[in-house]
$ cat entry20.pdb   # PDB, C-alpha atoms
ATOM      1  CA  MET M   1       6.936 -39.896 -12.179  1.00  0.00           C
ATOM      2  CA  LYS M   2       7.664 -42.687  -9.765  1.00  0.00           C
ATOM      3  CA  LYS M   3       8.676 -41.941  -6.202  1.00  0.00           C
ATOM      4  CA  GLY M   4      11.384 -44.575  -5.645  1.00  0.00           C
ATOM      5  CA  ARG M   5      14.379 -42.439  -6.552  1.00  0.00           C
ATOM      6  CA  VAL M   6      13.181 -39.576  -4.345  1.00  0.00           C
ATOM      7  CA  GLU M   7      12.908 -41.940  -1.389  1.00  0.00           C
ATOM      8  CA  ALA M   8      16.326 -43.500  -2.013  1.00  0.00           C
ATOM      9  CA  PHE M   9      18.033 -40.144  -2.532  1.00  0.00           C
ATOM     10  CA  SER M  10      16.365 -38.678   0.564  1.00  0.00           C
ATOM     11  CA  ASP M  11      17.380 -41.643   2.713  1.00  0.00           C
ATOM     12  CA  GLY M  12      20.972 -41.203   1.550  1.00  0.00           C
ATOM     13  CA  VAL M  13      20.963 -37.498   2.392  1.00  0.00           C
ATOM     14  CA  PHE M  14      19.493 -38.182   5.838  1.00  0.00           C
ATOM     15  CA  ALA M  15      22.283 -40.708   6.469  1.00  0.00           C
ATOM     16  CA  ILE M  16      24.963 -38.240   5.365  1.00  0.00           C
ATOM     17  CA  ILE M  17      23.533 -35.450   7.546  1.00  0.00           C
ATOM     18  CA  ILE M  18      23.571 -37.704  10.599  1.00  0.00           C
ATOM     19  CA  THR M  19      27.128 -38.821   9.784  1.00  0.00           C
ATOM     20  CA  ILE M  20      28.333 -35.228   9.486  1.00  0.00           C
ATOM     21  CA  MET M  21      26.660 -34.371  12.758  1.00  0.00           C
ATOM     22  CA  VAL M  22      28.251 -37.234  14.701  1.00  0.00           C
ATOM     23  CA  LEU M  23      31.676 -36.349  13.281  1.00  0.00           C
ATOM     24  CA  GLU M  24      31.384 -33.028  15.133  1.00  0.00           C
ATOM     25  CA  LEU M  25      31.548 -34.920  18.427  1.00  0.00           C
ATOM     26  CA  HIS M  26      35.164 -35.228  19.518  1.00  0.00           C
ATOM     27  CA  SER M  27      36.516 -37.219  22.435  1.00  0.00           C
ATOM     28  CA  PRO M  28      37.733 -35.279  25.480  1.00  0.00           C
ATOM     29  CA  ASP M  29      41.382 -34.614  26.240  1.00  0.00           C
ATOM     30  CA  GLY M  30      41.332 -36.417  29.594  1.00  0.00           C
ATOM     31  CA  SER M  31      40.578 -39.981  30.572  1.00  0.00           C
ATOM     32  CA  THR M  32      38.157 -39.329  33.438  1.00  0.00           C
ATOM     33  CA  PHE M  33      34.429 -38.825  33.474  1.00  0.00           C
ATOM     34  CA  GLU M  34      35.107 -35.261  34.623  1.00  0.00           C
ATOM     35  CA  ALA M  35      36.752 -34.634  31.235  1.00  0.00           C
ATOM     36  CA  LEU M  36      33.336 -35.225  29.632  1.00  0.00           C
ATOM     37  CA  ARG M  37      31.713 -32.319  31.501  1.00  0.00           C
ATOM     38  CA  PRO M  38      32.698 -29.612  28.965  1.00  0.00           C
ATOM     39  CA  LEU M  39      31.165 -31.761  26.191  1.00  0.00           C
ATOM     40  CA  ILE M  40      27.715 -31.907  27.784  1.00  0.00           C
ATOM     41  CA  PRO M  41      26.320 -28.901  25.827  1.00  0.00           C
ATOM     42  CA  LYS M  42      27.540 -30.368  22.522  1.00  0.00           C
ATOM     43  CA  PHE M  43      26.089 -33.764  23.393  1.00  0.00           C
ATOM     44  CA  VAL M  44      22.722 -32.284  24.438  1.00  0.00           C
ATOM     45  CA  SER M  45      22.469 -30.307  21.200  1.00  0.00           C
ATOM     46  CA  TYR M  46      23.453 -33.459  19.276  1.00  0.00           C
ATOM     47  CA  ILE M  47      20.723 -35.489  20.975  1.00  0.00           C
ATOM     48  CA  LEU M  48      18.031 -32.922  20.153  1.00  0.00           C
ATOM     49  CA  SER M  49      19.200 -32.634  16.543  1.00  0.00           C
ATOM     50  CA  PHE M  50      19.379 -36.403  16.137  1.00  0.00           C
ATOM     51  CA  ILE M  51      15.804 -36.630  17.433  1.00  0.00           C
ATOM     52  CA  TYR M  52      14.719 -33.965  14.953  1.00  0.00           C
ATOM     53  CA  LEU M  53      16.387 -35.746  12.040  1.00  0.00           C
ATOM     54  CA  ALA M  54      14.747 -39.006  13.133  1.00  0.00           C
ATOM     55  CA  ILE M  55      11.366 -37.259  13.299  1.00  0.00           C
ATOM     56  CA  TYR M  56      11.771 -35.812   9.814  1.00  0.00           C
ATOM     57  CA  TRP M  57      12.962 -39.128   8.416  1.00  0.00           C
ATOM     58  CA  ASN M  58      10.046 -40.978  10.042  1.00  0.00           C
ATOM     59  CA  ASN M  59       7.462 -38.531   8.763  1.00  0.00           C
ATOM     60  CA  HIS M  60       9.063 -38.339   5.316  1.00  0.00           C
ATOM     61  CA  HIS M  61       8.963 -42.139   5.175  1.00  0.00           C
ATOM     62  CA  HIS M  62       5.314 -42.258   6.264  1.00  0.00           C
ATOM     63  CA  LEU M  63       4.414 -39.530   3.792  1.00  0.00           C
ATOM     64  CA  PHE M  64       5.973 -41.327   0.846  1.00  0.00           C
ATOM     65  CA  GLN M  65       4.268 -44.596   1.788  1.00  0.00           C
ATOM     66  CA  ILE M  66       0.975 -43.053   0.745  1.00  0.00           C
ATOM     67  CA  VAL M  67       2.268 -40.996  -2.187  1.00  0.00           C
ATOM     68  CA  GLU M  68       1.447 -42.610  -5.523  1.00  0.00           C
ATOM     69  CA  HIS M  69       3.323 -40.327  -7.906  1.00  0.00           C
ATOM     70  CA  ILE M  70       5.300 -37.099  -7.999  1.00  0.00           C
ATOM     71  CA  ASN M  71       6.151 -34.292 -10.395  1.00  0.00           C
ATOM     72  CA  GLY M  72       9.033 -31.886 -10.967  1.00  0.00           C
ATOM     73  CA  LYS M  73       7.827 -29.439  -8.309  1.00  0.00           C
ATOM     74  CA  VAL M  74       7.764 -32.197  -5.718  1.00  0.00           C
ATOM     75  CA  LEU M  75      11.364 -33.047  -6.624  1.00  0.00           C
ATOM     76  CA  TRP M  76      12.458 -29.460  -6.043  1.00  0.00           C
ATOM     77  CA  TYR M  77      10.469 -29.052  -2.829  1.00  0.00           C
ATOM     78  CA  ASN M  78      11.975 -32.273  -1.527  1.00  0.00           C
ATOM     79  CA  ILE M  79      15.433 -30.869  -2.335  1.00  0.00           C
ATOM     80  CA  LEU M  80      14.483 -27.687  -0.455  1.00  0.00           C
ATOM     81  CA  LEU M  81      13.612 -29.774   2.609  1.00  0.00           C
ATOM     82  CA  LEU M  82      16.877 -31.704   2.368  1.00  0.00           C
ATOM     83  CA  PHE M  83      18.832 -28.442   1.989  1.00  0.00           C
ATOM     84  CA  CYS M  84      17.255 -27.026   5.147  1.00  0.00           C
ATOM     85  CA  LEU M  85      17.942 -30.247   7.026  1.00  0.00           C
ATOM     86  CA  SER M  86      21.556 -30.221   5.819  1.00  0.00           C
ATOM     87  CA  LEU M  87      22.095 -27.022   7.829  1.00  0.00           C
ATOM     88  CA  VAL M  88      21.243 -28.809  11.093  1.00  0.00           C
ATOM     89  CA  PRO M  89      24.810 -30.125  11.738  1.00  0.00           C
ATOM     90  CA  PHE M  90      26.245 -26.613  11.485  1.00  0.00           C
ATOM     91  CA  VAL M  91      23.800 -25.010  13.916  1.00  0.00           C
ATOM     92  CA  THR M  92      23.975 -28.034  16.218  1.00  0.00           C
ATOM     93  CA  ALA M  93      27.741 -27.662  16.545  1.00  0.00           C
ATOM     94  CA  TRP M  94      27.557 -23.870  16.938  1.00  0.00           C
ATOM     95  CA  MET M  95      24.889 -24.088  19.622  1.00  0.00           C
ATOM     96  CA  GLY M  96      26.736 -26.785  21.587  1.00  0.00           C
ATOM     97  CA  GLU M  97      30.138 -25.120  21.323  1.00  0.00           C
ATOM     98  CA  ASN M  98      28.721 -21.832  22.609  1.00  0.00           C
ATOM     99  CA  LYS M  99      26.789 -23.385  25.502  1.00  0.00           C
ATOM    100  CA  PHE M 100      23.338 -22.386  24.234  1.00  0.00           C
ATOM    101  CA  SER M 101      23.961 -18.652  23.996  1.00  0.00           C
ATOM    102  CA  ALA M 102      21.317 -16.453  22.362  1.00  0.00           C
ATOM    103  CA  ALA M 103      22.479 -16.134  18.739  1.00  0.00           C
ATOM    104  CA  PRO M 104      23.243 -19.841  18.172  1.00  0.00           C
ATOM    105  CA  VAL M 105      19.957 -20.911  19.804  1.00  0.00           C
ATOM    106  CA  ALA M 106      18.050 -18.363  17.716  1.00  0.00           C
ATOM    107  CA  LEU M 107      19.743 -19.534  14.516  1.00  0.00           C
ATOM    108  CA  TYR M 108      18.988 -23.139  15.480  1.00  0.00           C
ATOM    109  CA  GLY M 109      15.333 -22.138  15.724  1.00  0.00           C
ATOM    110  CA  ILE M 110      15.489 -20.337  12.390  1.00  0.00           C
ATOM    111  CA  ILE M 111      16.817 -23.506  10.753  1.00  0.00           C
ATOM    112  CA  LEU M 112      14.067 -25.553  12.428  1.00  0.00           C
ATOM    113  CA  LEU M 113      11.548 -22.993  11.188  1.00  0.00           C
ATOM    114  CA  MET M 114      12.959 -23.324   7.667  1.00  0.00           C
ATOM    115  CA  CYS M 115      12.728 -27.133   7.907  1.00  0.00           C
ATOM    116  CA  GLY M 116       9.135 -26.938   9.121  1.00  0.00           C
ATOM    117  CA  CYS M 117       8.171 -24.559   6.316  1.00  0.00           C
ATOM    118  CA  ALA M 118       9.971 -26.687   3.706  1.00  0.00           C
ATOM    119  CA  TYR M 119       8.161 -29.816   4.914  1.00  0.00           C
ATOM    120  CA  TYR M 120       4.843 -27.953   4.756  1.00  0.00           C
ATOM    121  CA  ILE M 121       5.582 -26.786   1.190  1.00  0.00           C
ATOM    122  CA  LEU M 122       6.519 -30.342   0.180  1.00  0.00           C
ATOM    123  CA  LEU M 123       3.317 -31.654   1.727  1.00  0.00           C
ATOM    124  CA  GLN M 124       1.208 -29.018  -0.035  1.00  0.00           C
ATOM    125  CA  SER M 125       2.813 -29.821  -3.399  1.00  0.00           C
ATOM    126  CA  LEU M 126       2.057 -33.509  -2.888  1.00  0.00           C
ATOM    127  CA  LEU M 127      -1.537 -32.671  -1.994  1.00  0.00           C
ATOM    128  CA  LYS M 128      -1.866 -30.712  -5.257  1.00  0.00           C
ATOM    129  CA  VAL M 129      -0.536 -33.678  -7.228  1.00  0.00           C
ATOM    130  CA  HIS M 130      -2.940 -36.115  -5.559  1.00  0.00           C
ATOM    131  CA  GLY M 131      -6.017 -33.913  -5.196  1.00  0.00           C
ATOM    132  CA  PRO M 132      -8.393 -33.028  -2.353  1.00  0.00           C
ATOM    133  CA  LYS M 133     -10.212 -36.385  -2.394  1.00  0.00           C
ATOM    134  CA  SER M 134      -7.043 -38.482  -2.293  1.00  0.00           C
ATOM    135  CA  LEU M 135      -6.058 -40.838   0.484  1.00  0.00           C
ATOM    136  CA  LEU M 136      -3.160 -38.469   1.216  1.00  0.00           C
ATOM    137  CA  ALA M 137      -5.495 -35.482   1.669  1.00  0.00           C
ATOM    138  CA  MET M 138      -7.845 -37.470   3.895  1.00  0.00           C
ATOM    139  CA  SER M 139      -4.896 -38.672   5.978  1.00  0.00           C
ATOM    140  CA  ILE M 140      -3.330 -35.260   6.504  1.00  0.00           C
ATOM    141  CA  GLY M 141      -6.480 -33.324   7.327  1.00  0.00           C
ATOM    142  CA  ASN M 142      -5.809 -29.745   8.432  1.00  0.00           C
ATOM    143  CA  ASP M 143      -2.218 -30.552   9.596  1.00  0.00           C
ATOM    144  CA  PHE M 144      -2.620 -28.870  12.991  1.00  0.00           C
ATOM    145  CA  LYS M 145       0.657 -30.318  14.326  1.00  0.00           C
ATOM    146  CA  GLY M 146       2.590 -28.928  11.373  1.00  0.00           C
ATOM    147  CA  LYS M 147       1.101 -25.452  11.706  1.00  0.00           C
ATOM    148  CA  ILE M 148       1.493 -25.240  15.484  1.00  0.00           C
ATOM    149  CA  SER M 149       5.105 -26.445  15.226  1.00  0.00           C
ATOM    150  CA  VAL M 150       6.070 -23.604  12.896  1.00  0.00           C
ATOM    151  CA  THR M 151       4.384 -21.123  15.240  1.00  0.00           C
ATOM    152  CA  ILE M 152       6.257 -22.505  18.254  1.00  0.00           C
ATOM    153  CA  TYR M 153       9.565 -22.330  16.347  1.00  0.00           C
ATOM    154  CA  ALA M 154       8.952 -18.659  15.557  1.00  0.00           C
ATOM    155  CA  ILE M 155       8.132 -17.891  19.193  1.00  0.00           C
ATOM    156  CA  GLY M 156      11.232 -19.846  20.254  1.00  0.00           C
ATOM    157  CA  VAL M 157      13.452 -17.776  17.969  1.00  0.00           C
ATOM    158  CA  LEU M 158      12.123 -14.535  19.439  1.00  0.00           C
ATOM    159  CA  LEU M 159      12.368 -15.802  23.023  1.00  0.00           C
ATOM    160  CA  SER M 160      15.955 -16.935  22.441  1.00  0.00           C
ATOM    161  CA  PHE M 161      17.105 -13.319  22.463  1.00  0.00           C
ATOM    162  CA  TYR M 162      15.396 -12.784  25.821  1.00  0.00           C
ATOM    163  CA  ASN M 163      16.358 -16.128  27.371  1.00  0.00           C
ATOM    164  CA  SER M 164      18.039 -18.750  25.200  1.00  0.00           C
ATOM    165  CA  TRP M 165      16.892 -21.562  27.485  1.00  0.00           C
ATOM    166  CA  LEU M 166      13.249 -20.648  26.886  1.00  0.00           C
ATOM    167  CA  GLY M 167      13.814 -20.848  23.142  1.00  0.00           C
ATOM    168  CA  PHE M 168      15.608 -24.165  23.530  1.00  0.00           C
ATOM    169  CA  ALA M 169      12.756 -25.468  25.723  1.00  0.00           C
ATOM    170  CA  LEU M 170      10.240 -24.626  22.988  1.00  0.00           C
ATOM    171  CA  TYR M 171      12.316 -26.524  20.419  1.00  0.00           C
ATOM    172  CA  CYS M 172      12.292 -29.493  22.804  1.00  0.00           C
ATOM    173  CA  LEU M 173       8.517 -29.114  23.118  1.00  0.00           C
ATOM    174  CA  VAL M 174       8.048 -29.406  19.357  1.00  0.00           C
ATOM    175  CA  ALA M 175      10.290 -32.470  19.301  1.00  0.00           C
ATOM    176  CA  ALA M 176       8.138 -33.994  22.059  1.00  0.00           C
ATOM    177  CA  ILE M 177       4.974 -33.249  20.065  1.00  0.00           C
ATOM    178  CA  TRP M 178       6.392 -35.098  17.045  1.00  0.00           C
ATOM    179  CA  PHE M 179       8.359 -37.806  18.869  1.00  0.00           C
ATOM    180  CA  ILE M 180       5.589 -40.322  18.353  1.00  0.00           C
ATOM    181  CA  PRO M 181       5.421 -40.670  14.559  1.00  0.00           C
ATOM    182  CA  ASP M 182       2.416 -39.157  12.854  1.00  0.00           C
ATOM    183  CA  GLN M 183      -0.234 -41.880  12.926  1.00  0.00           C
ATOM    184  CA  ARG M 184      -2.668 -40.248  10.483  1.00  0.00           C
ATOM    185  CA  ILE M 185      -1.165 -41.947   7.454  1.00  0.00           C
ATOM    186  CA  GLU M 186      -0.572 -45.304   9.152  1.00  0.00           C
ATOM    187  CA  LYS M 187      -4.202 -45.464  10.212  1.00  0.00           C
ATOM    188  CA  ARG M 188      -5.392 -44.860   6.638  1.00  0.00           C
ATOM    189  CA  ILE M 189      -3.046 -47.452   5.143  1.00  0.00           C
ATOM    190  CA  LYS M 190      -4.349 -50.129   7.535  1.00  0.00           C
ATOM    191  CA  GLU M 191      -8.019 -49.449   6.652  1.00  0.00           C
TER     192      GLU M 191
END

$ encode --input "entry20.pdb" --output "structure tokens"
Amino acid sequence: MKKGRVEAFSDGVFAIIITIMVLELHSPDGSTFEALRPLIPKFVSYILSFIYLAIYWNNHHHLFQIVEHINGKVLWYNILLLFCLSLVPFVTAWMGENKFSAAPVALYGIILLMCGCAYYILLQSLLKVHGPKSLLAMSIGNDFKGKISVTIYAIGVLLSFYNSWLGFALYCLVAAIWFIPDQRIEKRIKE
């Protein structure tokens, strides 16, 4: 199967997710800068989630630049990733509205963990389609960043019940790790 429809559909879903997320931001009741203060937690959670969605979109885009073909399993695993990502607006709003309390921050981490696992499953299914000697396999290598990210998410979820700010800090750490798009694929395409 060709990959074009998967890319187009995925781009559309990413755009819808971001649109839903921004619609959760409402203007304050007052007309002063002080009226914005209660919205700071919602805005901070929005910024982190927007960064995460941008990271996933960037890496999804890079990944599909090197993919030559797909199969039915890849279609379903891509849908799984998009489903997990579609939950981000809900947990973003809940976390911001509740000023980063334990349960919302933990659930945010659980959703990030689900997204990380879904991306890993998608990547593994693509590697099976293309084989161990493929350009994709050589580009990905052992995927240390992907594996360490999932581990940090899990630790963040557990820490959130002890101190929600520690969990949130770990989610920010993973975003910082991935903020610069994964160069492994770009380097291989240029060779």

$ atom_distance --input "entry20.pdb" --atom1 "atom CA of M:Met138" --atom2 "atom CA of M:Gln124"
13.0 Å

$ closest_residue --input "entry20.pdb" --among "M:Tyr120, M:Tyr153, M:Phe9, M:Phe83" --to "M:Leu173" --atoms "all atoms listed in the file"
M:Tyr153

$ atom_distance --input "entry20.pdb" --atom1 "atom CA of M:Ala118" --atom2 "atom CA of M:Leu166"
24.2 Å

$ closest_atom_pairs --input "entry20.pdb" --of "stretch 65-100 of chain M" --to "stretch 24-36 of chain M" --cutoff "12 Å" --atoms "all atoms listed in the file" --output "Markdown table"
| residue | atom | partner | partner_atom | distance |
| --- | --- | --- | --- | --- |
| M:Val88 | CA | M:Glu24 | CA | 11.7 |
| M:Pro89 | CA | M:Glu24 | CA | 7.9 |
| M:Phe90 | CA | M:Glu24 | CA | 9.0 |
| M:Val91 | CA | M:Glu24 | CA | 11.1 |
| M:Thr92 | CA | M:Glu24 | CA | 9.0 |
| M:Ala93 | CA | M:Glu24 | CA | 6.6 |
| M:Trp94 | CA | M:Glu24 | CA | 10.1 |
| M:Met95 | CA | M:Glu24 | CA | 11.9 |
| M:Gly96 | CA | M:Leu25 | CA | 10.0 |
| M:Glu97 | CA | M:Glu24 | CA | 10.1 |

$ resolve_selection --input "entry20.pdb" --expression "the PyMOL selection byres ((chain M and resi 11) around 12)" --output "PDB file with C-alpha atoms, in the coordinates of the input"
ATOM      1  CA  GLY M   4      11.384 -44.575  -5.645  1.00  0.00           C
ATOM      2  CA  ARG M   5      14.379 -42.439  -6.552  1.00  0.00           C
ATOM      3  CA  VAL M   6      13.181 -39.576  -4.345  1.00  0.00           C
ATOM      4  CA  GLU M   7      12.908 -41.940  -1.389  1.00  0.00           C
ATOM      5  CA  ALA M   8      16.326 -43.500  -2.013  1.00  0.00           C
ATOM      6  CA  PHE M   9      18.033 -40.144  -2.532  1.00  0.00           C
ATOM      7  CA  SER M  10      16.365 -38.678   0.564  1.00  0.00           C
ATOM      8  CA  GLY M  12      20.972 -41.203   1.550  1.00  0.00           C
ATOM      9  CA  VAL M  13      20.963 -37.498   2.392  1.00  0.00           C
ATOM     10  CA  PHE M  14      19.493 -38.182   5.838  1.00  0.00           C
ATOM     11  CA  ALA M  15      22.283 -40.708   6.469  1.00  0.00           C
ATOM     12  CA  ILE M  16      24.963 -38.240   5.365  1.00  0.00           C
ATOM     13  CA  ILE M  17      23.533 -35.450   7.546  1.00  0.00           C
ATOM     14  CA  ILE M  18      23.571 -37.704  10.599  1.00  0.00           C
ATOM     15  CA  LEU M  53      16.387 -35.746  12.040  1.00  0.00           C
ATOM     16  CA  ALA M  54      14.747 -39.006  13.133  1.00  0.00           C
ATOM     17  CA  TYR M  56      11.771 -35.812   9.814  1.00  0.00           C
ATOM     18  CA  TRP M  57      12.962 -39.128   8.416  1.00  0.00           C
ATOM     19  CA  ASN M  58      10.046 -40.978  10.042  1.00  0.00           C
ATOM     20  CA  HIS M  60       9.063 -38.339   5.316  1.00  0.00           C
ATOM     21  CA  HIS M  61       8.963 -42.139   5.175  1.00  0.00           C
ATOM     22  CA  PHE M  64       5.973 -41.327   0.846  1.00  0.00           C
ATOM     23  CA  ASN M  78      11.975 -32.273  -1.527  1.00  0.00           C
ATOM     24  CA  LEU M  82      16.877 -31.704   2.368  1.00  0.00           C
TER      25      LEU M  82
END

$ closest_residue --input "entry20.pdb" --among "M:Ser86, M:Gly72, M:Asn59, M:Met1" --to "M:Thr19" --atoms "all atoms listed in the file"
M:Ser86

$ residues_around --input "entry20.pdb" --residues "stretch 110-112 of chain M" --least-positions-apart "5" --cutoff "10 Å" --atoms "all atoms listed in the file" --output "ChimeraX atom specification"
/M:49,52,84-88,90-91,104-105,117-118,149-150,153-154,156-158,171,174

$ write_last_selection --input "entry20.pdb" --atoms "C-alpha atoms" --output "PDB file, keeping the file's coordinate frame"
ATOM      1  CA  SER M  49      19.200 -32.634  16.543  1.00  0.00           C
ATOM      2  CA  TYR M  52      14.719 -33.965  14.953  1.00  0.00           C
ATOM      3  CA  CYS M  84      17.255 -27.026   5.147  1.00  0.00           C
ATOM      4  CA  LEU M  85      17.942 -30.247   7.026  1.00  0.00           C
ATOM      5  CA  SER M  86      21.556 -30.221   5.819  1.00  0.00           C
ATOM      6  CA  LEU M  87      22.095 -27.022   7.829  1.00  0.00           C
ATOM      7  CA  VAL M  88      21.243 -28.809  11.093  1.00  0.00           C
ATOM      8  CA  PHE M  90      26.245 -26.613  11.485  1.00  0.00           C
ATOM      9  CA  VAL M  91      23.800 -25.010  13.916  1.00  0.00           C
ATOM     10  CA  PRO M 104      23.243 -19.841  18.172  1.00  0.00           C
ATOM     11  CA  VAL M 105      19.957 -20.911  19.804  1.00  0.00           C
ATOM     12  CA  CYS M 117       8.171 -24.559   6.316  1.00  0.00           C
ATOM     13  CA  ALA M 118       9.971 -26.687   3.706  1.00  0.00           C
ATOM     14  CA  SER M 149       5.105 -26.445  15.226  1.00  0.00           C
ATOM     15  CA  VAL M 150       6.070 -23.604  12.896  1.00  0.00           C
ATOM     16  CA  TYR M 153       9.565 -22.330  16.347  1.00  0.00           C
ATOM     17  CA  ALA M 154       8.952 -18.659  15.557  1.00  0.00           C
ATOM     18  CA  GLY M 156      11.232 -19.846  20.254  1.00  0.00           C
ATOM     19  CA  VAL M 157      13.452 -17.776  17.969  1.00  0.00           C
ATOM     20  CA  LEU M 158      12.123 -14.535  19.439  1.00  0.00           C
ATOM     21  CA  TYR M 171      12.316 -26.524  20.419  1.00  0.00           C
ATOM     22  CA  VAL M 174       8.048 -29.406  19.357  1.00  0.00           C
TER      23      VAL M 174
END

$ resolve_selection --input "entry20.pdb" --expression "the PyMOL selection byres ((chain M and resi 140-145) around 12)" --output "number ranges by chain"
M: 59, 62-63, 66-67, 116, 119-120, 123-124, 126-127, 132-139, 146-152, 173-188

$ atom_distance --input "entry20.pdb" --atom1 "atom CA of M:Ser160" --atom2 "atom CA of M:Cys172"
13.1 Å

$ axis_aligned_box --input "entry20.pdb" --around "stretch 135-140 of chain M" --padding-each-side "3 Å" --output "JSON"
{"center_x": -5.5, "center_y": -38.0, "center_z": 3.5, "size_x": 10.7, "size_y": 11.6, "size_z": 12.0}

$ residues_near_point --input "entry20.pdb" --point "(18.7, -16.0, 22.7)" --cutoff "6 Å" --atoms "all atoms listed in the file" --output "list of chain:residue names"
M:Ala102, M:Ala103, M:Val105, M:Ala106, M:Ser160, M:Phe161, M:Tyr162, M:Asn163, M:Ser164

$ build_atoms --input "entry20.pdb" --residues "stretch 36-52 of chain M" --atoms "N, CA, C and O atoms" --output "PDB file, in the coordinates of the input"
ATOM      1  N   LEU M  36      34.521 -35.283  30.499  1.00  0.00           N
ATOM      2  CA  LEU M  36      33.336 -35.225  29.632  1.00  0.00           C
ATOM      3  C   LEU M  36      32.451 -34.006  29.909  1.00  0.00           C
ATOM      4  O   LEU M  36      31.662 -33.612  29.060  1.00  0.00           O
ATOM      5  N   ARG M  37      32.587 -33.426  31.101  1.00  0.00           N
ATOM      6  CA  ARG M  37      31.713 -32.319  31.501  1.00  0.00           C
ATOM      7  C   ARG M  37      31.661 -31.180  30.478  1.00  0.00           C
ATOM      8  O   ARG M  37      30.579 -30.712  30.141  1.00  0.00           O
ATOM      9  N   PRO M  38      32.771 -30.706  29.940  1.00  0.00           N
ATOM     10  CA  PRO M  38      32.698 -29.612  28.965  1.00  0.00           C
ATOM     11  C   PRO M  38      31.970 -30.002  27.663  1.00  0.00           C
ATOM     12  O   PRO M  38      31.529 -29.138  26.914  1.00  0.00           O
ATOM     13  N   LEU M  39      31.827 -31.307  27.413  1.00  0.00           N
ATOM     14  CA  LEU M  39      31.165 -31.761  26.191  1.00  0.00           C
ATOM     15  C   LEU M  39      29.648 -31.900  26.340  1.00  0.00           C
ATOM     16  O   LEU M  39      28.958 -32.160  25.350  1.00  0.00           O
ATOM     17  N   ILE M  40      29.146 -31.721  27.551  1.00  0.00           N
ATOM     18  CA  ILE M  40      27.715 -31.907  27.784  1.00  0.00           C
ATOM     19  C   ILE M  40      26.864 -31.016  26.871  1.00  0.00           C
ATOM     20  O   ILE M  40      25.913 -31.507  26.256  1.00  0.00           O
ATOM     21  N   PRO M  41      27.153 -29.717  26.725  1.00  0.00           N
ATOM     22  CA  PRO M  41      26.320 -28.901  25.827  1.00  0.00           C
ATOM     23  C   PRO M  41      26.323 -29.416  24.382  1.00  0.00           C
ATOM     24  O   PRO M  41      25.272 -29.433  23.720  1.00  0.00           O
ATOM     25  N   LYS M  42      27.481 -29.831  23.888  1.00  0.00           N
ATOM     26  CA  LYS M  42      27.540 -30.368  22.522  1.00  0.00           C
ATOM     27  C   LYS M  42      26.727 -31.653  22.407  1.00  0.00           C
ATOM     28  O   LYS M  42      26.038 -31.873  21.414  1.00  0.00           O
ATOM     29  N   PHE M  43      26.806 -32.500  23.428  1.00  0.00           N
ATOM     30  CA  PHE M  43      26.089 -33.764  23.393  1.00  0.00           C
ATOM     31  C   PHE M  43      24.580 -33.541  23.484  1.00  0.00           C
ATOM     32  O   PHE M  43      23.804 -34.195  22.785  1.00  0.00           O
ATOM     33  N   VAL M  44      24.152 -32.592  24.313  1.00  0.00           N
ATOM     34  CA  VAL M  44      22.722 -32.284  24.438  1.00  0.00           C
ATOM     35  C   VAL M  44      22.187 -31.737  23.115  1.00  0.00           C
ATOM     36  O   VAL M  44      21.110 -32.141  22.652  1.00  0.00           O
ATOM     37  N   SER M  45      22.933 -30.846  22.490  1.00  0.00           N
ATOM     38  CA  SER M  45      22.469 -30.307  21.200  1.00  0.00           C
ATOM     39  C   SER M  45      22.461 -31.402  20.134  1.00  0.00           C
ATOM     40  O   SER M  45      21.570 -31.448  19.279  1.00  0.00           O
ATOM     41  N   TYR M  46      23.425 -32.323  20.209  1.00  0.00           N
ATOM     42  CA  TYR M  46      23.453 -33.459  19.276  1.00  0.00           C
ATOM     43  C   TYR M  46      22.223 -34.348  19.462  1.00  0.00           C
ATOM     44  O   TYR M  46      21.593 -34.752  18.488  1.00  0.00           O
ATOM     45  N   ILE M  47      21.881 -34.633  20.708  1.00  0.00           N
ATOM     46  CA  ILE M  47      20.723 -35.489  20.975  1.00  0.00           C
ATOM     47  C   ILE M  47      19.453 -34.868  20.403  1.00  0.00           C
ATOM     48  O   ILE M  47      18.670 -35.541  19.725  1.00  0.00           O
ATOM     49  N   LEU M  48      19.236 -33.569  20.675  1.00  0.00           N
ATOM     50  CA  LEU M  48      18.031 -32.922  20.153  1.00  0.00           C
ATOM     51  C   LEU M  48      18.016 -32.937  18.633  1.00  0.00           C
ATOM     52  O   LEU M  48      16.994 -33.263  18.016  1.00  0.00           O
ATOM     53  N   SER M  49      19.139 -32.651  18.009  1.00  0.00           N
ATOM     54  CA  SER M  49      19.200 -32.634  16.543  1.00  0.00           C
ATOM     55  C   SER M  49      19.005 -34.024  15.959  1.00  0.00           C
ATOM     56  O   SER M  49      18.341 -34.187  14.926  1.00  0.00           O
ATOM     57  N   PHE M  50      19.572 -35.033  16.608  1.00  0.00           N
ATOM     58  CA  PHE M  50      19.379 -36.403  16.137  1.00  0.00           C
ATOM     59  C   PHE M  50      17.902 -36.771  16.202  1.00  0.00           C
ATOM     60  O   PHE M  50      17.355 -37.379  15.279  1.00  0.00           O
ATOM     61  N   ILE M  51      17.241 -36.370  17.298  1.00  0.00           N
ATOM     62  CA  ILE M  51      15.804 -36.630  17.433  1.00  0.00           C
ATOM     63  C   ILE M  51      15.043 -35.935  16.318  1.00  0.00           C
ATOM     64  O   ILE M  51      14.147 -36.525  15.696  1.00  0.00           O
ATOM     65  N   TYR M  52      15.397 -34.694  16.036  1.00  0.00           N
ATOM     66  CA  TYR M  52      14.719 -33.965  14.953  1.00  0.00           C
ATOM     67  C   TYR M  52      14.918 -34.657  13.612  1.00  0.00           C
ATOM     68  O   TYR M  52      13.971 -34.812  12.831  1.00  0.00           O
TER      69      TYR M  52
END
